[in-house]
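A.B. asks: Handing over run.txt, compact mmCIF, C-alpha atoms.
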# COMPACT_ATOMS: atom_id res chain seq x y z
CA MET H 1 -16.99 -51.42 65.22
CA PRO H 2 -15.63 -50.48 68.65
CA ARG H 3 -12.20 -48.92 69.01
CA PHE H 4 -9.54 -50.15 71.42
CA ARG H 5 -6.32 -48.71 72.72
CA VAL H 6 -3.55 -51.28 73.07
CA GLY H 7 -0.11 -50.75 74.59
CA ILE H 8 2.82 -52.92 73.53
CA HIS H 9 6.11 -53.29 75.38
CA ILE H 10 9.05 -54.37 73.23
CA THR H 11 12.31 -55.27 74.95
CA PRO H 12 15.62 -56.81 73.88
CA ARG H 13 15.48 -60.61 74.04
CA ARG H 14 16.72 -61.83 77.41
CA GLY H 15 20.14 -63.37 77.11
CA LEU H 16 21.25 -61.17 74.23
CA LEU H 17 23.77 -58.46 74.99
CA ASP H 18 21.87 -55.27 75.94
CA PRO H 19 24.52 -52.54 76.13
CA GLN H 20 21.93 -49.79 76.51
CA GLY H 21 20.34 -51.52 79.48
CA GLU H 22 23.77 -52.09 81.02
CA ALA H 23 24.67 -48.43 80.60
CA VAL H 24 21.43 -47.37 82.28
CA ALA H 25 21.99 -49.82 85.17
CA GLY H 26 25.54 -48.48 85.58
CA ALA H 27 24.28 -44.89 85.67
CA LEU H 28 21.69 -45.80 88.31
CA HIS H 29 24.41 -47.47 90.39
CA SER H 30 26.50 -44.32 90.23
CA LEU H 31 23.52 -42.41 91.64
CA GLY H 32 23.50 -44.82 94.56
CA PHE H 33 20.60 -47.02 93.44
CA ASN H 34 22.57 -50.15 94.16
CA GLY H 35 19.47 -52.31 94.40
CA VAL H 36 19.18 -52.24 90.59
CA LYS H 37 20.25 -55.62 89.28
CA ARG H 38 19.22 -55.30 85.66
CA ALA H 39 17.82 -52.72 83.25
CA HIS H 40 16.43 -53.20 79.78
CA VAL H 41 15.60 -50.37 77.42
CA GLY H 42 12.99 -51.03 74.78
CA ARG H 43 10.07 -49.34 73.06
CA TYR H 44 6.49 -48.69 74.05
CA ILE H 45 3.99 -48.51 71.23
CA VAL H 46 0.39 -47.38 71.63
CA LEU H 47 -2.09 -48.35 68.93
CA GLU H 48 -5.72 -47.46 68.48
CA THR H 49 -7.42 -50.08 66.41
CA ASP H 50 -10.96 -51.04 65.48
CA ALA H 51 -11.96 -54.62 66.23
CA ALA H 52 -15.08 -56.68 66.97
CA ASP H 53 -14.10 -57.04 70.64
CA SER H 54 -11.08 -56.82 72.91
CA SER H 55 -9.99 -60.37 72.22
CA ALA H 56 -10.06 -59.77 68.44
CA ALA H 57 -8.01 -56.62 69.03
CA ALA H 58 -5.46 -58.62 71.02
CA THR H 59 -5.24 -61.23 68.26
CA ASP H 60 -4.66 -58.53 65.64
CA VAL H 61 -2.00 -56.81 67.69
CA ARG H 62 -0.17 -60.10 68.31
CA ALA H 63 0.01 -60.63 64.54
CA MET H 64 1.27 -57.05 64.09
CA CYS H 65 4.04 -57.69 66.62
CA GLU H 66 5.06 -60.94 64.96
CA LYS H 67 5.08 -59.44 61.46
CA LEU H 68 6.53 -55.98 62.03
CA LEU H 69 6.56 -54.29 65.41
CA ALA H 70 9.06 -56.63 67.10
CA ASN H 71 12.03 -58.32 65.49
CA PRO H 72 11.53 -62.07 66.02
CA VAL H 73 15.31 -62.62 66.21
CA THR H 74 16.20 -60.06 68.85
CA GLU H 75 13.14 -58.78 70.68
CA ASP H 76 10.36 -59.95 73.00
CA PHE H 77 7.00 -58.25 73.29
CA GLU H 78 4.18 -58.03 75.82
CA ILE H 79 0.73 -56.78 74.92
CA GLU H 80 -1.33 -54.92 77.53
CA PRO H 81 -5.05 -55.66 77.80
CA ALA H 82 -7.02 -53.74 75.18
CA SER H 83 -9.10 -50.92 76.64
CA PRO H 84 -12.10 -49.34 74.90
CA VAL H 85 -11.43 -45.83 73.60
CA MET X 1 26.84 -56.56 33.00
CA LYS X 2 24.77 -53.92 34.72
CA PHE X 3 24.36 -52.81 38.32
CA GLY X 4 21.06 -51.50 39.67
CA ILE X 5 21.46 -49.33 42.74
CA VAL X 6 18.31 -48.89 44.82
CA THR X 7 17.70 -45.48 46.37
CA PHE X 8 15.40 -45.43 49.39
CA PRO X 9 14.42 -42.19 51.11
CA GLY X 10 17.42 -41.77 53.42
CA SER X 11 19.94 -43.80 51.38
CA ASN X 12 23.25 -41.95 51.32
CA CYS X 13 25.77 -44.39 49.85
CA ASP X 14 23.98 -44.86 46.54
CA TYR X 15 26.23 -42.26 44.87
CA ASP X 16 29.34 -43.87 46.37
CA ALA X 17 28.26 -47.23 44.97
CA TYR X 18 27.57 -45.68 41.57
CA HIS X 19 30.98 -43.96 41.57
CA ALA X 20 32.65 -47.26 42.50
CA VAL X 21 31.10 -49.37 39.75
CA VAL X 22 30.81 -46.78 36.97
CA ASP X 23 33.73 -44.39 37.38
CA GLN X 24 36.19 -46.85 38.82
CA LEU X 25 35.25 -50.19 37.27
CA GLY X 26 33.78 -48.87 34.04
CA ALA X 27 30.62 -50.94 34.47
CA GLU X 28 27.11 -49.79 33.64
CA ALA X 29 24.73 -48.82 36.44
CA SER X 30 21.33 -47.22 37.02
CA TYR X 31 19.70 -45.78 40.08
CA ILE X 32 16.39 -47.45 40.90
CA TRP X 33 13.96 -45.36 42.96
CA HIS X 34 12.38 -47.37 45.76
CA LYS X 35 8.88 -46.80 44.37
CA ASP X 36 9.83 -48.27 40.98
CA THR X 37 9.07 -51.86 40.16
CA ASP X 38 11.32 -52.09 37.10
CA LEU X 39 14.84 -53.30 37.86
CA GLN X 40 15.96 -52.00 34.45
CA ARG X 41 17.45 -55.32 33.40
CA SER X 42 20.12 -55.11 36.10
CA ASP X 43 22.31 -58.17 36.60
CA VAL X 44 23.39 -57.19 40.11
CA ILE X 45 21.23 -55.26 42.57
CA ILE X 46 22.93 -53.16 45.22
CA LEU X 47 21.04 -52.19 48.39
CA PRO X 48 23.28 -49.33 49.54
CA GLY X 49 24.09 -47.83 52.92
CA GLY X 50 22.27 -45.00 54.60
CA PHE X 51 19.37 -44.45 56.95
CA SER X 52 16.34 -45.53 54.98
CA TYR X 53 13.16 -44.14 56.51
CA GLY X 54 15.23 -42.55 59.28
CA ASP X 55 15.78 -45.97 60.86
CA TYR X 56 12.24 -45.63 62.23
CA LEU X 57 11.12 -48.61 64.33
CA ARG X 58 14.37 -50.50 63.57
CA ALA X 59 17.06 -49.99 60.95
CA GLY X 60 15.72 -51.46 57.70
CA ALA X 61 12.31 -52.37 59.11
CA ILE X 62 10.26 -50.03 56.94
CA ALA X 63 12.33 -50.17 53.75
CA ARG X 64 11.33 -53.77 53.17
CA PHE X 65 7.81 -52.52 52.35
CA SER X 66 9.03 -50.29 49.51
CA PRO X 67 7.50 -51.41 46.20
CA VAL X 68 10.91 -52.20 44.70
CA MET X 69 11.62 -54.82 47.36
CA LYS X 70 9.14 -57.31 45.87
CA GLU X 71 11.17 -57.21 42.67
CA VAL X 72 14.47 -57.41 44.55
CA VAL X 73 13.26 -60.50 46.40
CA ALA X 74 12.12 -62.03 43.09
CA HIS X 75 15.52 -61.20 41.55
CA ALA X 76 17.20 -63.00 44.47
CA ARG X 77 14.85 -66.00 44.13
CA ARG X 78 15.99 -66.34 40.52
CA GLY X 79 19.53 -66.78 41.89
CA ALA X 80 20.73 -63.37 40.68
CA PRO X 81 23.20 -61.43 42.85
CA VAL X 82 22.15 -58.90 45.47
CA LEU X 83 24.89 -56.97 47.27
CA CYS X 84 23.62 -55.51 50.55
CA ILE X 85 25.93 -52.98 52.19
CA CYS X 86 25.44 -51.58 55.70
CA ASN X 87 21.82 -50.33 55.78
CA GLY X 88 21.29 -52.67 52.82
CA PHE X 89 22.38 -55.58 55.05
CA GLN X 90 19.92 -54.42 57.73
CA ILE X 91 17.14 -54.23 55.12
CA ALA X 92 17.98 -57.69 53.76
CA CYS X 93 17.76 -59.19 57.25
CA GLU X 94 14.45 -57.45 57.95
CA ALA X 95 13.13 -58.66 54.60
CA GLY X 96 14.12 -62.25 55.39
CA MET X 97 16.61 -62.41 52.49
CA LEU X 98 19.38 -63.12 55.00
CA PRO X 99 19.11 -64.72 58.46
CA GLY X 100 19.66 -62.84 61.73
CA ALA X 101 19.51 -59.17 62.64
CA LEU X 102 21.74 -56.16 63.26
CA MET X 103 21.53 -54.64 66.74
CA ARG X 104 22.90 -51.53 68.45
CA ASN X 105 26.72 -51.56 68.65
CA ARG X 106 28.11 -53.02 71.86
CA GLY X 107 29.68 -49.67 72.81
CA LEU X 108 26.50 -47.71 71.89
CA GLN X 109 28.57 -45.36 69.71
CA PHE X 110 28.28 -44.80 66.00
CA ILE X 111 31.65 -45.95 64.63
CA SER X 112 33.17 -44.53 61.47
CA ALA X 113 36.64 -45.99 61.03
CA PRO X 114 38.74 -48.28 58.87
CA ILE X 115 38.72 -51.80 60.32
CA ARG X 116 40.30 -55.13 59.45
CA LEU X 117 38.40 -58.01 57.94
CA ARG X 118 39.45 -61.60 57.51
CA VAL X 119 38.29 -63.39 54.38
CA ASP X 120 36.69 -66.61 55.60
CA ASN X 121 35.12 -67.67 52.33
CA PRO X 122 36.76 -66.67 49.05
CA ALA X 123 34.62 -69.14 47.10
CA THR X 124 31.56 -66.91 46.69
CA MET X 125 30.66 -64.90 43.60
CA PHE X 126 31.37 -61.77 45.68
CA THR X 127 34.82 -62.76 46.95
CA ASN X 128 36.46 -65.08 44.43
CA LEU X 129 39.38 -62.69 43.81
CA TYR X 130 40.38 -62.69 47.48
CA ARG X 131 42.55 -65.31 49.18
CA GLN X 132 41.49 -67.48 52.12
CA ASN X 133 42.32 -65.75 55.44
CA GLU X 134 43.56 -62.63 53.67
CA ILE X 135 43.29 -59.52 55.89
CA LEU X 136 41.55 -56.53 54.31
CA THR X 137 41.14 -52.94 55.46
CA ILE X 138 37.68 -51.57 54.73
CA PRO X 139 35.80 -48.80 56.56
CA ILE X 140 32.71 -49.22 58.67
CA ALA X 141 30.21 -46.45 59.44
CA HIS X 142 27.32 -47.66 61.54
CA GLY X 143 25.54 -47.48 64.88
CA ASP X 144 23.57 -50.71 64.50
CA GLY X 145 26.02 -53.31 63.23
CA ARG X 146 26.11 -55.98 65.90
CA TYR X 147 25.15 -59.18 64.11
CA ALA X 148 22.89 -61.42 66.15
CA ALA X 149 21.14 -64.70 65.36
CA SER X 150 19.91 -67.76 67.21
CA PRO X 151 22.57 -70.31 68.24
CA GLU X 152 21.17 -72.75 65.63
CA THR X 153 21.45 -70.13 62.88
CA LEU X 154 25.00 -69.25 63.91
CA ARG X 155 26.01 -72.93 63.88
CA SER X 156 24.47 -73.37 60.47
CA LEU X 157 26.13 -70.24 59.04
CA GLU X 158 29.49 -71.44 60.29
CA GLY X 159 28.98 -75.04 59.18
CA GLU X 160 27.86 -74.08 55.68
CA GLY X 161 30.64 -71.56 55.07
CA GLN X 162 28.16 -68.68 54.90
CA ILE X 163 30.34 -66.45 57.09
CA VAL X 164 32.35 -64.60 54.47
CA PHE X 165 34.03 -61.75 56.36
CA ARG X 166 34.94 -61.54 60.05
CA TYR X 167 36.35 -58.67 62.08
CA SER X 168 39.90 -59.65 63.02
CA ASP X 169 43.21 -58.22 64.10
CA GLU X 170 46.18 -57.85 61.76
CA TYR X 171 47.16 -61.48 62.38
CA GLY X 172 43.72 -62.85 61.58
CA GLU X 173 42.84 -63.48 65.23
CA LEU X 174 39.20 -62.93 66.18
CA THR X 175 39.81 -60.97 69.38
CA ALA X 176 37.17 -59.01 71.28
CA ALA X 177 39.23 -55.85 70.74
CA ALA X 178 39.14 -56.36 66.97
CA ASN X 179 35.35 -56.79 66.97
CA PRO X 180 34.16 -53.18 66.74
CA ASN X 181 30.49 -53.70 67.47
CA GLY X 182 30.24 -56.96 69.43
CA SER X 183 28.94 -59.08 66.54
CA GLU X 184 28.36 -62.77 67.26
CA LEU X 185 31.30 -64.86 65.98
CA SER X 186 32.87 -61.54 64.83
CA ILE X 187 30.57 -61.67 61.80
CA ALA X 188 31.01 -58.77 59.37
CA GLY X 189 29.48 -60.33 56.25
CA ILE X 190 27.36 -63.36 55.38
CA VAL X 191 26.03 -64.94 52.23
CA SER X 192 22.63 -66.59 51.79
CA ASP X 193 22.41 -70.38 51.66
CA ALA X 194 21.92 -70.16 47.89
CA GLY X 195 25.05 -67.98 47.70
CA ASN X 196 23.64 -65.05 45.74
CA VAL X 197 22.60 -62.59 48.47
CA PHE X 198 25.52 -61.06 50.30
CA GLY X 199 25.24 -58.72 53.29
CA MET X 200 28.11 -56.87 54.92
CA MET X 201 28.34 -53.96 57.35
CA PRO X 202 31.68 -52.55 56.06
CA HIS X 203 31.69 -50.35 52.96
CA PRO X 204 33.71 -51.83 50.06
CA GLU X 205 32.59 -48.95 47.83
CA ARG X 206 34.58 -46.63 50.10
CA ALA X 207 37.79 -48.67 49.69
CA MET X 208 38.30 -48.26 45.97
CA GLU X 209 41.28 -45.93 45.53
CA PRO X 210 44.47 -45.01 47.37
CA ALA X 211 43.13 -41.54 48.20
CA LEU X 212 40.44 -43.25 50.32
CA GLY X 213 43.06 -45.13 52.34
CA SER X 214 42.40 -48.58 50.88
CA THR X 215 41.79 -50.32 47.59
CA ASP X 216 40.67 -53.58 49.20
CA GLY X 217 37.08 -53.11 48.07
CA VAL X 218 37.97 -53.23 44.38
CA ARG X 219 38.24 -57.00 44.12
CA LEU X 220 34.76 -57.46 45.57
CA PHE X 221 33.24 -55.65 42.61
CA GLU X 222 35.70 -57.26 40.20
CA SER X 223 34.73 -60.68 41.58
CA LEU X 224 31.13 -59.92 40.69
CA LEU X 225 32.07 -58.69 37.22
CA ALA X 226 34.10 -61.81 36.55
CA GLY X 227 31.49 -64.17 38.03
CA VAL X 228 28.43 -62.69 36.36
CA ALA X 229 30.13 -62.34 32.99
CA ALA X 230 31.27 -65.99 33.14
Please, can you express the file's structure as structure tokens?
C.D. replies:
Amino acid sequence: MPRFRVGIHITPRRGLLDPQGEAVAGALHSLGFNGVKRAHVGRYIVLETDAADSSAAATDVRAMCEKLLANPVTEDFEIEPASPV
Amino acid sequence: MKFGIVTFPGSNCDYDAYHAVVDQLGAEASYIWHKDTDLQRSDVIILPGGFSYGDYLRAGAIARFSPVMKEVVAHARRGAPVLCICNGFQIACEAGMLPGALMRNRGLQFISAPIRLRVDNPATMFTNLYRQNEILTIPIAHGDGRYAASPETLRSLEGEGQIVFRYSDEYGELTAAANPNGSELSIAGIVSDAGNVFGMMPHPERAMEPALGSTDGVRLFESLLAGVAA
């Protein structure tokens, strides 16, 4: 079975208070990067997983995000296209 | 009447909980290792504070896969009491035993300090020896204690009286300044819709004797003793 590498971005749910993102935006402003309007700090997870094809890999990873990797109450996730390893 | 205190790798308030119920209340208690599946005929399960699994991924996210948790969930489904303190509250939310989630504190700092709580529901098996709107002093010690839930869940918790403790000032006002971590609706503790799973971020087991600065935690454990014995 082919192996795929899949990257997953997990970020705080938009609309919920994100104090870490606000602190980072504030620090960027104090460096003079005043164009920054918003910052969100999350996690980036890289998985290598065996699957029949890239679409099966994406389906698996979506289920992993819903069941464990992201908290359905507080976090959003985006899955990058699976690339063959 | 017996307490079962679950020890996960990284739990650090299991001994405090044991000291509270055994040495101070004279109740019986056993430690239950997270890999065990025997709850040792415990009437009340305590999920104690700490940093189970190093808070990897999210606080409480990995602990819910410990073998003991299947039995704890079954215990809760039978209507038996589960007291979830601090990391225990985070675990219970991750395990779906309580709604919502605990997020990073608003101020990003770990806070270890005595805080005030208002008793919003003294009609639970965990709080029946407190008075409505009574103000308690109980310590918190957490970095991820900001309670969050969907607006529908928050409305339902409030409507059903499931909000048991709220962070308040000395007059019982729910001010932003009195809310140490930015929790929604100043929520410090909630009970499940069936009433037998209770999660709270503050540590009642650390408010058991004058030398600790407060004895306001005592009646929580006494409430349980009275309720379960009855």
A.B. asks: Could you give me, as a PDB file with C-alpha atoms, keeping the file's coordinate frame, the residues within 10 Å of range 32-43 of chain H, counting all atoms listed in the file and dropping anything in the same chain fewer than 3 positions from it?
C.D. replies:
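Result file is part-v1.pdb:
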ATOM      1  CA  ILE H   8       2.820 -52.920  73.530  1.00  0.00           C
ATOM      2  CA  HIS H   9       6.110 -53.290  75.380  1.00  0.00           C
ATOM      3  CA  ILE H  10       9.050 -54.370  73.230  1.00  0.00           C
ATOM      4  CA  THR H  11      12.310 -55.270  74.950  1.00  0.00           C
ATOM      5  CA  PRO H  12      15.620 -56.810  73.880  1.00  0.00           C
ATOM      6  CA  ARG H  13      15.480 -60.610  74.040  1.00  0.00           C
ATOM      7  CA  ARG H  14      16.720 -61.830  77.410  1.00  0.00           C
ATOM      8  CA  ASP H  18      21.870 -55.270  75.940  1.00  0.00           C
ATOM      9  CA  PRO H  19      24.520 -52.540  76.130  1.00  0.00           C
ATOM     10  CA  GLN H  20      21.930 -49.790  76.510  1.00  0.00           C
ATOM     11  CA  GLY H  21      20.340 -51.520  79.480  1.00  0.00           C
ATOM     12  CA  GLU H  22      23.770 -52.090  81.020  1.00  0.00           C
ATOM     13  CA  ALA H  23      24.670 -48.430  80.600  1.00  0.00           C
ATOM     14  CA  VAL H  24      21.430 -47.370  82.280  1.00  0.00           C
ATOM     15  CA  ALA H  25      21.990 -49.820  85.170  1.00  0.00           C
ATOM     16  CA  GLY H  26      25.540 -48.480  85.580  1.00  0.00           C
ATOM     17  CA  ALA H  27      24.280 -44.890  85.670  1.00  0.00           C
ATOM     18  CA  LEU H  28      21.690 -45.800  88.310  1.00  0.00           C
ATOM     19  CA  HIS H  29      24.410 -47.470  90.390  1.00  0.00           C
ATOM     20  CA  VAL H  46       0.390 -47.380  71.630  1.00  0.00           C
ATOM     21  CA  LEU H  69       6.560 -54.290  65.410  1.00  0.00           C
ATOM     22  CA  ALA H  70       9.060 -56.630  67.100  1.00  0.00           C
ATOM     23  CA  GLU H  75      13.140 -58.780  70.680  1.00  0.00           C
ATOM     24  CA  ASP H  76      10.360 -59.950  73.000  1.00  0.00           C
ATOM     25  CA  PHE H  77       7.000 -58.250  73.290  1.00  0.00           C
TER      26      PHE H  77
ATOM     27  CA  LEU X  57      11.120 -48.610  64.330  1.00  0.00           C
TER      28      LEU X  57
END
A.B. asks: Rounded to one decimal in Å, what is the spacing between CA of Met1 in chain X and CA of Asp43 in chain X?
C.D. replies: 6.0 Å
A.B. asks: Give me, as an mmCIF file with C-alpha atoms, keeping the file's coordinate frame, the residues of chain X touching chain H, with the criterion being at most 9 Å (counting only C-alpha atoms).
C.D. replies:
data_model
loop_
_atom_site.group_PDB
_atom_site.id
_atom_site.type_symbol
_atom_site.label_atom_id
_atom_site.label_comp_id
_atom_site.auth_asym_id
_atom_site.auth_seq_id
_atom_site.Cartn_x
_atom_site.Cartn_y
_atom_site.Cartn_z
ATOM 1 C CA LEU X 57 11.120 -48.610 64.330
ATOM 2 C CA ARG X 58 14.370 -50.500 63.570
ATOM 3 C CA ALA X 61 12.310 -52.370 59.110
ATOM 4 C CA ILE X 62 10.260 -50.030 56.940
ATOM 5 C CA GLU X 94 14.450 -57.450 57.950
ATOM 6 C CA PRO X 99 19.110 -64.720 58.460
ATOM 7 C CA GLY X 100 19.660 -62.840 61.730
ATOM 8 C CA ALA X 101 19.510 -59.170 62.640
ATOM 9 C CA LEU X 102 21.740 -56.160 63.260
ATOM 10 C CA MET X 103 21.530 -54.640 66.740
ATOM 11 C CA ARG X 104 22.900 -51.530 68.450
ATOM 12 C CA ASN X 105 26.720 -51.560 68.650
ATOM 13 C CA ARG X 106 28.110 -53.020 71.860
ATOM 14 C CA GLY X 107 29.680 -49.670 72.810
ATOM 15 C CA LEU X 108 26.500 -47.710 71.890
ATOM 16 C CA ALA X 148 22.890 -61.420 66.150
ATOM 17 C CA ALA X 149 21.140 -64.700 65.360
ATOM 18 C CA SER X 150 19.910 -67.760 67.210
ATOM 19 C CA GLY X 182 30.240 -56.960 69.430
#
A.B. asks: With a distance cut-off of 8 Å and all atoms listed in the file, select the neighbouring residues of Ile79 in chain H, excluding the residue or stretch itself and same-chain residues fewer than 6 positions from it, and output the selection as a PyMOL selection string.
C.D. replies: chain H and resi 6-9+58+61-62
A.B. asks: Could you name the residues that touch Thr124 in chain X at 10 Å or less, counting all atoms listed in the file, but leaving out those on the same chain fewer than 3 positions away, as a list of chain:residue names?
C.D. replies: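 Selected residues are X:Asn121, X:Thr127, X:Asn128, X:Leu129, X:Tyr130, X:Gly161, X:Gln162, X:Val164, X:Val191, X:Gly195, X:Asn196, X:Phe198, X:Ser223, X:Leu224, X:Gly227.
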A.B. asks: Between H:Val85, H:Leu31, H:Cys65, H:Met1, which one has atoms that come closest to Asp53 in chain H, using only C-alpha atoms?
C.D. replies: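 Of all the options, H:Met1 lies closest to Asp53 in chain H.
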A.B. asks: Which value, in Å to one decimal, gives the distance between CA of Arg3 in chain H and CA of Met64 in chain H?
C.D. replies: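 Going from CA of Arg3 in chain H over to CA of Met64 in chain H covers 16.5 Å.
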A.B. asks: Could you work out how far CA of His142 in chain X lies from CA of Ala59 in chain X, giving the answer in Å with one decimal?
C.D. replies: 10.5 Å
A.B. asks: I'd like the neighbourhood of range 167-169 of chain X as a compact mmCIF listing (two decimals) with C-alpha atoms, keeping the file's coordinate frame, where a residue qualifies if any of its atoms comes within 12 Å (using all atoms listed in the file), though same-chain residues fewer than 4 positions away should be ignored.
C.D. replies:
# COMPACT_ATOMS: atom_id res chain seq x y z
CA PRO X 114 38.74 -48.28 58.87
CA ILE X 115 38.72 -51.80 60.32
CA ARG X 116 40.30 -55.13 59.45
CA LEU X 117 38.40 -58.01 57.94
CA ARG X 118 39.45 -61.60 57.51
CA VAL X 119 38.29 -63.39 54.38
CA ASP X 120 36.69 -66.61 55.60
CA ASN X 133 42.32 -65.75 55.44
CA GLU X 134 43.56 -62.63 53.67
CA ILE X 135 43.29 -59.52 55.89
CA LEU X 136 41.55 -56.53 54.31
CA THR X 137 41.14 -52.94 55.46
CA ILE X 138 37.68 -51.57 54.73
CA PRO X 139 35.80 -48.80 56.56
CA ILE X 140 32.71 -49.22 58.67
CA GLY X 145 26.02 -53.31 63.23
CA ARG X 146 26.11 -55.98 65.90
CA TYR X 147 25.15 -59.18 64.11
CA ILE X 163 30.34 -66.45 57.09
CA GLU X 173 42.84 -63.48 65.23
CA LEU X 174 39.20 -62.93 66.18
CA THR X 175 39.81 -60.97 69.38
CA ALA X 176 37.17 -59.01 71.28
CA ALA X 177 39.23 -55.85 70.74
CA ALA X 178 39.14 -56.36 66.97
CA ASN X 179 35.35 -56.79 66.97
CA PRO X 180 34.16 -53.18 66.74
CA ASN X 181 30.49 -53.70 67.47
CA GLY X 182 30.24 -56.96 69.43
CA SER X 183 28.94 -59.08 66.54
CA GLU X 184 28.36 -62.77 67.26
CA LEU X 185 31.30 -64.86 65.98
CA SER X 186 32.87 -61.54 64.83
CA ILE X 187 30.57 -61.67 61.80
CA ALA X 188 31.01 -58.77 59.37
CA GLY X 189 29.48 -60.33 56.25
CA MET X 200 28.11 -56.87 54.92
CA MET X 201 28.34 -53.96 57.35
CA PRO X 202 31.68 -52.55 56.06
